[in-house]
$ cat data15.txt   # compact mmCIF, N, CA and C atoms
# COMPACT_ATOMS: atom_id res chain seq x y z
N MET L 1 12.87 -11.72 -24.82
CA MET L 1 14.01 -12.26 -25.55
C MET L 1 13.58 -13.53 -26.26
N ALA L 2 13.79 -13.58 -27.49
CA ALA L 2 13.37 -14.75 -28.27
C ALA L 2 14.30 -15.92 -28.00
N ILE L 3 13.71 -17.08 -27.90
CA ILE L 3 14.51 -18.30 -27.72
C ILE L 3 14.93 -18.78 -29.10
N LEU L 4 16.23 -18.95 -29.26
CA LEU L 4 16.72 -19.45 -30.55
C LEU L 4 16.48 -20.95 -30.60
N ASN L 5 16.05 -21.43 -31.74
CA ASN L 5 15.73 -22.84 -31.84
C ASN L 5 16.97 -23.69 -32.07
N ALA L 6 16.77 -25.00 -31.96
CA ALA L 6 17.87 -25.96 -32.00
C ALA L 6 18.67 -25.88 -33.28
N TYR L 7 19.94 -25.94 -33.09
CA TYR L 7 20.89 -25.93 -34.17
C TYR L 7 20.76 -24.72 -35.09
N SER L 8 20.06 -23.69 -34.63
CA SER L 8 19.86 -22.51 -35.48
C SER L 8 21.19 -21.82 -35.78
N ALA L 9 22.07 -21.79 -34.80
CA ALA L 9 23.38 -21.17 -35.06
C ALA L 9 24.12 -21.93 -36.14
N LEU L 10 24.03 -23.25 -36.10
CA LEU L 10 24.70 -24.05 -37.12
C LEU L 10 24.04 -23.89 -38.48
N VAL L 11 22.73 -23.78 -38.48
CA VAL L 11 22.01 -23.62 -39.74
C VAL L 11 22.42 -22.31 -40.40
N VAL L 12 22.48 -21.24 -39.61
CA VAL L 12 22.90 -19.95 -40.16
C VAL L 12 24.32 -20.06 -40.69
N LEU L 13 25.18 -20.71 -39.92
CA LEU L 13 26.56 -20.91 -40.36
C LEU L 13 26.60 -21.67 -41.68
N PHE L 14 25.81 -22.73 -41.78
CA PHE L 14 25.77 -23.53 -43.00
C PHE L 14 25.32 -22.70 -44.20
N LEU L 15 24.25 -21.96 -44.01
CA LEU L 15 23.69 -21.20 -45.12
C LEU L 15 24.61 -20.07 -45.56
N THR L 16 25.21 -19.40 -44.61
CA THR L 16 26.07 -18.28 -44.97
C THR L 16 27.40 -18.72 -45.53
N CYS L 17 27.80 -19.93 -45.25
CA CYS L 17 29.08 -20.43 -45.75
C CYS L 17 28.90 -21.33 -46.97
N GLY L 18 27.74 -21.34 -47.54
CA GLY L 18 27.52 -22.11 -48.76
C GLY L 18 27.55 -23.60 -48.54
N ALA L 19 27.07 -24.04 -47.42
CA ALA L 19 27.12 -25.46 -47.13
C ALA L 19 25.81 -26.14 -47.51
N ALA L 20 25.36 -25.88 -48.68
CA ALA L 20 24.13 -26.50 -49.16
C ALA L 20 24.43 -27.87 -49.74
N MET L 21 25.54 -28.45 -49.33
CA MET L 21 25.96 -29.73 -49.86
C MET L 21 25.42 -30.91 -49.06
N ALA L 22 24.64 -30.63 -48.04
CA ALA L 22 24.10 -31.72 -47.24
C ALA L 22 23.23 -32.62 -48.12
N THR L 23 23.26 -33.89 -47.82
CA THR L 23 22.49 -34.81 -48.65
C THR L 23 21.00 -34.59 -48.47
N LYS L 24 20.26 -34.95 -49.49
CA LYS L 24 18.81 -34.84 -49.42
C LYS L 24 18.27 -35.68 -48.27
N GLU L 25 18.88 -36.85 -48.08
CA GLU L 25 18.39 -37.76 -47.04
C GLU L 25 18.46 -37.11 -45.65
N ASN L 26 19.61 -36.56 -45.29
CA ASN L 26 19.74 -35.92 -43.98
C ASN L 26 18.83 -34.71 -43.87
N ASN L 27 18.77 -33.90 -44.91
CA ASN L 27 17.89 -32.74 -44.88
C ASN L 27 16.43 -33.16 -44.74
N GLN L 28 16.06 -34.23 -45.43
CA GLN L 28 14.68 -34.73 -45.35
C GLN L 28 14.36 -35.20 -43.93
N ILE L 29 15.27 -35.95 -43.33
CA ILE L 29 15.07 -36.42 -41.96
C ILE L 29 14.92 -35.24 -41.01
N ILE L 30 15.80 -34.27 -41.16
CA ILE L 30 15.79 -33.09 -40.29
C ILE L 30 14.49 -32.32 -40.45
N LYS L 31 14.06 -32.15 -41.68
CA LYS L 31 12.82 -31.40 -41.94
C LYS L 31 11.59 -32.17 -41.44
N GLU L 32 11.49 -33.44 -41.80
CA GLU L 32 10.31 -34.24 -41.43
C GLU L 32 10.14 -34.38 -39.92
N ASN L 33 11.26 -34.39 -39.18
CA ASN L 33 11.20 -34.58 -37.74
C ASN L 33 11.30 -33.27 -36.96
N ASN L 34 11.28 -32.15 -37.70
CA ASN L 34 11.35 -30.83 -37.07
C ASN L 34 12.54 -30.75 -36.10
N CYS L 35 13.66 -31.32 -36.51
CA CYS L 35 14.82 -31.46 -35.64
C CYS L 35 15.43 -30.14 -35.19
N GLU L 36 15.33 -29.13 -36.00
CA GLU L 36 16.01 -27.87 -35.71
C GLU L 36 15.29 -27.02 -34.67
N ASN L 37 14.17 -27.49 -34.18
CA ASN L 37 13.40 -26.71 -33.21
C ASN L 37 13.28 -27.39 -31.86
N LYS L 38 14.11 -28.38 -31.60
CA LYS L 38 13.92 -29.20 -30.40
C LYS L 38 14.93 -28.96 -29.29
N MET L 39 15.94 -28.14 -29.52
CA MET L 39 16.92 -27.84 -28.48
C MET L 39 17.15 -26.33 -28.43
N GLY L 40 17.44 -25.84 -27.23
CA GLY L 40 17.79 -24.43 -27.07
C GLY L 40 19.23 -24.21 -27.49
N LEU L 41 19.54 -22.99 -27.87
CA LEU L 41 20.87 -22.66 -28.37
C LEU L 41 22.00 -23.01 -27.39
N PRO L 42 21.87 -22.72 -26.08
CA PRO L 42 22.96 -23.08 -25.17
C PRO L 42 23.28 -24.59 -25.21
N CYS L 43 22.25 -25.40 -25.29
CA CYS L 43 22.47 -26.85 -25.34
C CYS L 43 22.99 -27.30 -26.70
N VAL L 44 22.58 -26.62 -27.75
CA VAL L 44 23.12 -26.91 -29.08
C VAL L 44 24.63 -26.70 -29.06
N LEU L 45 25.05 -25.58 -28.48
CA LEU L 45 26.47 -25.27 -28.42
C LEU L 45 27.23 -26.28 -27.56
N GLU L 46 26.65 -26.69 -26.44
CA GLU L 46 27.29 -27.70 -25.59
C GLU L 46 27.44 -29.02 -26.33
N ALA L 47 26.38 -29.45 -26.99
CA ALA L 47 26.43 -30.72 -27.72
C ALA L 47 27.45 -30.63 -28.85
N PHE L 48 27.45 -29.53 -29.56
CA PHE L 48 28.41 -29.34 -30.65
C PHE L 48 29.83 -29.42 -30.12
N THR L 49 30.11 -28.72 -29.04
CA THR L 49 31.45 -28.70 -28.46
C THR L 49 31.87 -30.08 -28.00
N SER L 50 30.95 -30.83 -27.41
CA SER L 50 31.32 -32.16 -26.91
C SER L 50 31.59 -33.15 -28.05
N ILE L 51 31.02 -32.89 -29.22
CA ILE L 51 31.20 -33.81 -30.35
C ILE L 51 32.30 -33.35 -31.29
N PHE L 52 32.31 -32.08 -31.64
CA PHE L 52 33.22 -31.59 -32.67
C PHE L 52 34.49 -30.95 -32.11
N GLU L 53 34.50 -30.70 -30.83
CA GLU L 53 35.68 -30.12 -30.20
C GLU L 53 35.96 -30.93 -28.94
N THR L 54 36.45 -30.27 -27.91
CA THR L 54 36.67 -30.95 -26.63
C THR L 54 35.86 -30.20 -25.59
N GLY L 55 34.90 -30.87 -25.04
CA GLY L 55 34.05 -30.24 -24.04
C GLY L 55 33.10 -31.25 -23.45
N SER L 56 32.35 -30.81 -22.50
CA SER L 56 31.39 -31.70 -21.85
C SER L 56 29.99 -31.16 -22.07
N ILE L 57 29.03 -31.99 -21.76
CA ILE L 57 27.63 -31.61 -21.91
C ILE L 57 26.94 -31.78 -20.56
N SER L 58 26.20 -30.78 -20.15
CA SER L 58 25.53 -30.78 -18.85
C SER L 58 24.36 -31.76 -18.82
N ASN L 59 23.93 -32.07 -17.62
CA ASN L 59 22.77 -32.95 -17.46
C ASN L 59 21.54 -32.37 -18.15
N LYS L 60 21.35 -31.06 -18.00
CA LYS L 60 20.20 -30.41 -18.63
C LYS L 60 20.24 -30.59 -20.14
N CYS L 61 21.42 -30.37 -20.71
CA CYS L 61 21.54 -30.47 -22.16
C CYS L 61 21.49 -31.91 -22.63
N CYS L 62 21.92 -32.84 -21.78
CA CYS L 62 21.75 -34.26 -22.12
C CYS L 62 20.26 -34.57 -22.27
N GLY L 63 19.47 -34.01 -21.37
CA GLY L 63 18.02 -34.21 -21.46
C GLY L 63 17.45 -33.68 -22.76
N GLU L 64 17.92 -32.52 -23.18
CA GLU L 64 17.45 -31.94 -24.44
C GLU L 64 17.95 -32.76 -25.63
N LEU L 65 19.19 -33.24 -25.54
CA LEU L 65 19.75 -34.05 -26.63
C LEU L 65 18.95 -35.33 -26.81
N VAL L 66 18.66 -36.01 -25.71
CA VAL L 66 17.89 -37.26 -25.79
C VAL L 66 16.47 -36.97 -26.28
N GLY L 67 15.92 -35.82 -25.86
CA GLY L 67 14.60 -35.40 -26.34
C GLY L 67 14.58 -35.13 -27.84
N LEU L 68 15.74 -34.79 -28.38
CA LEU L 68 15.87 -34.56 -29.82
C LEU L 68 15.60 -35.84 -30.61
N ARG L 69 15.91 -36.97 -30.00
CA ARG L 69 15.80 -38.31 -30.57
C ARG L 69 17.03 -38.61 -31.43
N LYS L 70 17.37 -39.86 -31.43
CA LYS L 70 18.60 -40.29 -32.10
C LYS L 70 18.57 -40.03 -33.60
N VAL L 71 17.42 -40.17 -34.23
CA VAL L 71 17.34 -39.96 -35.67
C VAL L 71 17.73 -38.52 -36.03
N CYS L 72 17.29 -37.57 -35.23
CA CYS L 72 17.64 -36.17 -35.47
C CYS L 72 19.11 -35.93 -35.15
N HIS L 73 19.55 -36.45 -34.04
CA HIS L 73 20.94 -36.28 -33.63
C HIS L 73 21.89 -36.79 -34.71
N SER L 74 21.64 -37.97 -35.20
CA SER L 74 22.51 -38.57 -36.22
C SER L 74 22.48 -37.78 -37.53
N ALA L 75 21.30 -37.38 -37.96
CA ALA L 75 21.18 -36.64 -39.22
C ALA L 75 21.89 -35.29 -39.14
N ILE L 76 21.78 -34.61 -38.01
CA ILE L 76 22.42 -33.30 -37.87
C ILE L 76 23.94 -33.45 -37.82
N VAL L 77 24.43 -34.46 -37.12
CA VAL L 77 25.87 -34.69 -37.07
C VAL L 77 26.39 -35.01 -38.47
N LYS L 78 25.70 -35.86 -39.19
CA LYS L 78 26.13 -36.22 -40.56
C LYS L 78 26.10 -35.00 -41.48
N ARG L 79 25.06 -34.18 -41.36
CA ARG L 79 24.96 -32.99 -42.20
C ARG L 79 26.10 -32.02 -41.86
N THR L 80 26.41 -31.89 -40.59
CA THR L 80 27.50 -31.01 -40.19
C THR L 80 28.82 -31.49 -40.78
N LEU L 81 29.04 -32.79 -40.79
CA LEU L 81 30.27 -33.35 -41.35
C LEU L 81 30.41 -33.07 -42.84
N GLU L 82 29.29 -32.85 -43.52
CA GLU L 82 29.33 -32.56 -44.95
C GLU L 82 29.70 -31.11 -45.24
N ASN L 83 29.70 -30.27 -44.22
CA ASN L 83 30.04 -28.87 -44.37
C ASN L 83 31.52 -28.73 -44.67
N PRO L 84 31.89 -27.99 -45.70
CA PRO L 84 33.31 -27.81 -46.03
C PRO L 84 34.14 -27.25 -44.89
N LEU L 85 33.52 -26.53 -43.97
CA LEU L 85 34.25 -25.99 -42.83
C LEU L 85 34.85 -27.09 -41.95
N PHE L 86 34.28 -28.28 -42.04
CA PHE L 86 34.73 -29.38 -41.19
C PHE L 86 35.45 -30.46 -41.98
N LYS L 87 35.94 -30.11 -43.16
CA LYS L 87 36.57 -31.09 -44.04
C LYS L 87 37.84 -31.70 -43.45
N ASP L 88 38.48 -30.99 -42.53
CA ASP L 88 39.72 -31.50 -41.94
C ASP L 88 39.48 -32.46 -40.79
N LEU L 89 38.24 -32.61 -40.38
CA LEU L 89 37.93 -33.54 -39.29
C LEU L 89 37.85 -34.96 -39.83
N THR L 90 38.17 -35.91 -38.99
CA THR L 90 38.06 -37.31 -39.37
C THR L 90 36.63 -37.78 -39.05
N PRO L 91 35.84 -38.11 -40.08
CA PRO L 91 34.45 -38.50 -39.84
C PRO L 91 34.30 -39.65 -38.84
N ALA L 92 35.16 -40.64 -38.91
CA ALA L 92 35.05 -41.78 -37.99
C ALA L 92 35.21 -41.33 -36.54
N THR L 93 36.11 -40.39 -36.31
CA THR L 93 36.32 -39.88 -34.95
C THR L 93 35.09 -39.10 -34.48
N ILE L 94 34.55 -38.27 -35.35
CA ILE L 94 33.38 -37.47 -34.98
C ILE L 94 32.17 -38.38 -34.74
N ILE L 95 31.98 -39.36 -35.59
CA ILE L 95 30.85 -40.30 -35.39
C ILE L 95 31.02 -41.03 -34.06
N ALA L 96 32.24 -41.45 -33.76
CA ALA L 96 32.50 -42.14 -32.49
C ALA L 96 32.19 -41.22 -31.30
N LYS L 97 32.61 -39.96 -31.38
CA LYS L 97 32.33 -39.00 -30.30
C LYS L 97 30.83 -38.72 -30.21
N SER L 98 30.17 -38.69 -31.35
CA SER L 98 28.73 -38.48 -31.37
C SER L 98 28.00 -39.62 -30.67
N ILE L 99 28.40 -40.84 -30.99
CA ILE L 99 27.79 -42.02 -30.37
C ILE L 99 28.09 -42.04 -28.87
N GLN L 100 29.32 -41.71 -28.51
CA GLN L 100 29.70 -41.68 -27.10
C GLN L 100 28.88 -40.64 -26.33
N THR L 101 28.75 -39.46 -26.90
CA THR L 101 27.96 -38.41 -26.26
C THR L 101 26.51 -38.86 -26.11
N TRP L 102 25.95 -39.42 -27.18
CA TRP L 102 24.57 -39.91 -27.13
C TRP L 102 24.40 -40.97 -26.05
N ASN L 103 25.28 -41.97 -26.04
CA ASN L 103 25.16 -43.06 -25.07
C ASN L 103 25.34 -42.57 -23.64
N ASN L 104 26.28 -41.65 -23.43
CA ASN L 104 26.47 -41.09 -22.08
C ASN L 104 25.23 -40.34 -21.63
N CYS L 105 24.65 -39.55 -22.52
CA CYS L 105 23.44 -38.81 -22.18
C CYS L 105 22.26 -39.75 -21.94
N LEU L 106 22.15 -40.75 -22.78
CA LEU L 106 21.05 -41.70 -22.63
C LEU L 106 21.15 -42.43 -21.29
N ALA L 107 22.35 -42.86 -20.91
CA ALA L 107 22.56 -43.54 -19.64
C ALA L 107 22.24 -42.60 -18.48
N LEU L 108 22.62 -41.34 -18.61
CA LEU L 108 22.36 -40.37 -17.55
C LEU L 108 20.87 -40.14 -17.39
N ILE L 109 20.18 -40.01 -18.50
CA ILE L 109 18.74 -39.73 -18.46
C ILE L 109 17.96 -40.96 -17.98
N ASP L 110 18.41 -42.15 -18.39
CA ASP L 110 17.72 -43.38 -18.03
C ASP L 110 18.00 -43.84 -16.61
N SER L 111 19.10 -43.37 -16.01
CA SER L 111 19.45 -43.82 -14.66
C SER L 111 18.55 -43.15 -13.65
N PRO L 112 18.14 -43.91 -12.64
CA PRO L 112 17.28 -43.31 -11.61
C PRO L 112 18.07 -42.29 -10.80
N SER L 113 17.41 -41.22 -10.44
CA SER L 113 18.09 -40.21 -9.64
C SER L 113 18.23 -40.69 -8.21
N PRO L 114 19.30 -40.32 -7.54
CA PRO L 114 19.49 -40.76 -6.16
C PRO L 114 18.42 -40.19 -5.26
N SER L 115 18.00 -40.96 -4.29
CA SER L 115 16.96 -40.48 -3.38
C SER L 115 17.56 -39.56 -2.34
N ALA L 116 16.78 -38.61 -1.92
CA ALA L 116 17.28 -37.61 -0.98
C ALA L 116 17.27 -38.10 0.44
$ encode --input "data15.txt" --output "structure tokens"
Amino acid sequence: MAILNAYSALVVLFLTCGAAMATKENNQIIKENNCENKMGLPCVLEAFTSIFETGSISNKCCGELVGLRKVCHSAIVKRTLENPLFKDLTPATIIAKSIQTWNNCLALIDSPSPSA
């Protein structure tokens, strides 16, 4: 079974829905940093749900999100916001949820695990 790469579901959605409106800057960042290949699809969906809908993100997926690096995370969130499918969302709210998700994951990953 092939492993789907990071944000691949969103990329397919963007391309099939004519969302080629993403800025050159975000696309350049995403391409240069190979951002779309750094998370597995289950974690992509968890991260997406926690930012764009209402949901939580698991510890495992927090690890993948932090491994994505903030530059990739921010560029992908911004590119997603440019998609006409998300025009009814409030960008400030999504950015705030994105930052909150990132900070929560970073704190989780940086915190020492309890000793057994």
$ closest_residue --input "data15.txt" --among "L:His73, L:Ser58, L:Phe48, L:Gly63" --to "Cys35 of chain L" --atoms "all atoms listed in the file"
L:His73
$ residues_near_point --input "data15.txt" --point "(13.8, -37.9, -29.0)" --cutoff "12 Å" --atoms "only C-alpha atoms" --output "number ranges by chain"
L: 33-35, 37-39, 62-74, 102, 105-106, 109
$ select_by_dssp --input "data15.txt" --residues "segment 28-84 of chain L" --states "helix (DSSP H, G or I)" --output "ChimeraX atom specification"
/L:28-32,35-37,41-52,59-68,70-81,84
$ atom_distance --input "data15.txt" --atom1 "atom CA of Arg79 of chain L" --atom2 "atom CA of Ile29 of chain L"
10.5 Å
$ atom_distance --input "data15.txt" --atom1 "atom C of Ile94 of chain L" --atom2 "atom CA of Gly40 of chain L"
21.5 Å
$ atom_distance --input "data15.txt" --atom1 "atom CA of Lys24 of chain L" --atom2 "atom CA of Ala75 of chain L"
10.6 Å
$ residues_around --input "data15.txt" --residues "segment 95-98 of chain L" --least-positions-apart "3" --cutoff "7 Å" --atoms "only N, CA and C atoms" --output "VMD selection string"
chain L and resid 50 to 52 90 to 92 101 to 103
$ axis_aligned_box --input "data15.txt" --around "segment 59-77 of chain L" --padding-each-side "6 Å" --output "lines of an AutoDock Vina configuration file"
center_x = 20.5
center_y = -35.3
center_z = -28.3
size_x = 23.8
size_y = 21.9
size_z = 33.8
$ build_atoms --input "data15.txt" --residues "segment 59-70 of chain L" --atoms "all heavy atoms" --output "CSV table (one decimal), in the frame of the given file"
chain,number,residue,atom,x,y,z
L,59,ASN,N,23.9,-32.1,-17.6
L,59,ASN,CA,22.8,-33.0,-17.5
L,59,ASN,C,21.5,-32.4,-18.2
L,59,ASN,O,20.8,-33.1,-18.8
L,59,ASN,CB,22.5,-33.2,-16.0
L,59,ASN,CG,23.5,-34.0,-15.3
L,59,ASN,OD1,24.5,-34.4,-15.9
L,59,ASN,ND2,23.3,-34.2,-14.0
L,60,LYS,N,21.4,-31.1,-18.0
L,60,LYS,CA,20.2,-30.4,-18.6
L,60,LYS,C,20.2,-30.6,-20.1
L,60,LYS,O,19.3,-30.9,-20.8
L,60,LYS,CB,20.2,-28.9,-18.3
L,60,LYS,CG,19.1,-28.1,-19.0
L,60,LYS,CD,19.3,-26.6,-18.7
L,60,LYS,CE,18.2,-25.8,-19.4
L,60,LYS,NZ,18.3,-25.8,-20.9
L,61,CYS,N,21.4,-30.4,-20.7
L,61,CYS,CA,21.5,-30.5,-22.2
L,61,CYS,C,21.5,-31.9,-22.6
L,61,CYS,O,21.0,-32.2,-23.7
L,61,CYS,CB,22.8,-29.8,-22.6
L,61,CYS,SG,22.7,-28.0,-22.4
L,62,CYS,N,21.9,-32.8,-21.8
L,62,CYS,CA,21.8,-34.3,-22.1
L,62,CYS,C,20.3,-34.6,-22.3
L,62,CYS,O,19.9,-35.3,-23.2
L,62,CYS,CB,22.4,-35.2,-21.0
L,62,CYS,SG,24.1,-35.6,-21.3
L,63,GLY,N,19.5,-34.0,-21.4
L,63,GLY,CA,18.0,-34.2,-21.5
L,63,GLY,C,17.4,-33.7,-22.8
L,63,GLY,O,16.6,-34.3,-23.4
L,64,GLU,N,17.9,-32.5,-23.2
L,64,GLU,CA,17.4,-31.9,-24.4
L,64,GLU,C,18.0,-32.8,-25.6
L,64,GLU,O,17.2,-32.9,-26.6
L,64,GLU,CB,17.9,-30.5,-24.6
L,64,GLU,CG,17.1,-29.5,-23.7
L,64,GLU,CD,17.4,-28.1,-24.0
L,64,GLU,OE1,17.6,-27.7,-25.2
L,64,GLU,OE2,17.2,-27.3,-23.1
L,65,LEU,N,19.2,-33.2,-25.5
L,65,LEU,CA,19.8,-34.0,-26.6
L,65,LEU,C,19.0,-35.3,-26.8
L,65,LEU,O,18.6,-35.7,-27.9
L,65,LEU,CB,21.2,-34.4,-26.4
L,65,LEU,CG,21.9,-35.2,-27.5
L,65,LEU,CD1,22.0,-34.4,-28.8
L,65,LEU,CD2,23.3,-35.6,-27.0
L,66,VAL,N,18.7,-36.0,-25.7
L,66,VAL,CA,17.9,-37.3,-25.8
L,66,VAL,C,16.5,-37.0,-26.3
L,66,VAL,O,15.9,-37.7,-27.1
L,66,VAL,CB,17.9,-38.0,-24.4
L,66,VAL,CG1,16.9,-39.2,-24.4
L,66,VAL,CG2,19.3,-38.5,-24.1
L,67,GLY,N,15.9,-35.8,-25.9
L,67,GLY,CA,14.6,-35.4,-26.3
L,67,GLY,C,14.6,-35.1,-27.8
L,67,GLY,O,13.5,-35.2,-28.5
L,68,LEU,N,15.7,-34.8,-28.4
L,68,LEU,CA,15.9,-34.6,-29.8
L,68,LEU,C,15.6,-35.8,-30.6
L,68,LEU,O,15.1,-35.8,-31.7
L,68,LEU,CB,17.3,-34.1,-30.1
L,68,LEU,CG,17.7,-33.7,-31.5
L,68,LEU,CD1,16.9,-32.5,-32.0
L,68,LEU,CD2,19.2,-33.4,-31.6
L,69,ARG,N,15.9,-37.0,-30.0
L,69,ARG,CA,15.8,-38.3,-30.6
L,69,ARG,C,17.0,-38.6,-31.4
L,69,ARG,O,17.6,-37.7,-32.0
L,69,ARG,CB,14.5,-38.5,-31.4
L,69,ARG,CG,13.3,-38.4,-30.5
L,69,ARG,CD,11.9,-38.7,-31.1
L,69,ARG,NE,12.0,-39.5,-32.3
L,69,ARG,CZ,11.6,-39.1,-33.5
L,69,ARG,NH1,11.1,-37.9,-33.7
L,69,ARG,NH2,11.6,-39.9,-34.5
L,70,LYS,N,17.4,-39.9,-31.4
L,70,LYS,CA,18.6,-40.3,-32.1
L,70,LYS,C,18.6,-40.0,-33.6
L,70,LYS,O,19.6,-39.7,-34.2
L,70,LYS,CB,18.9,-41.8,-31.8
L,70,LYS,CG,20.2,-42.2,-32.4
L,70,LYS,CD,20.8,-43.4,-31.7
L,70,LYS,CE,22.1,-43.7,-32.3
L,70,LYS,NZ,23.1,-44.1,-31.4
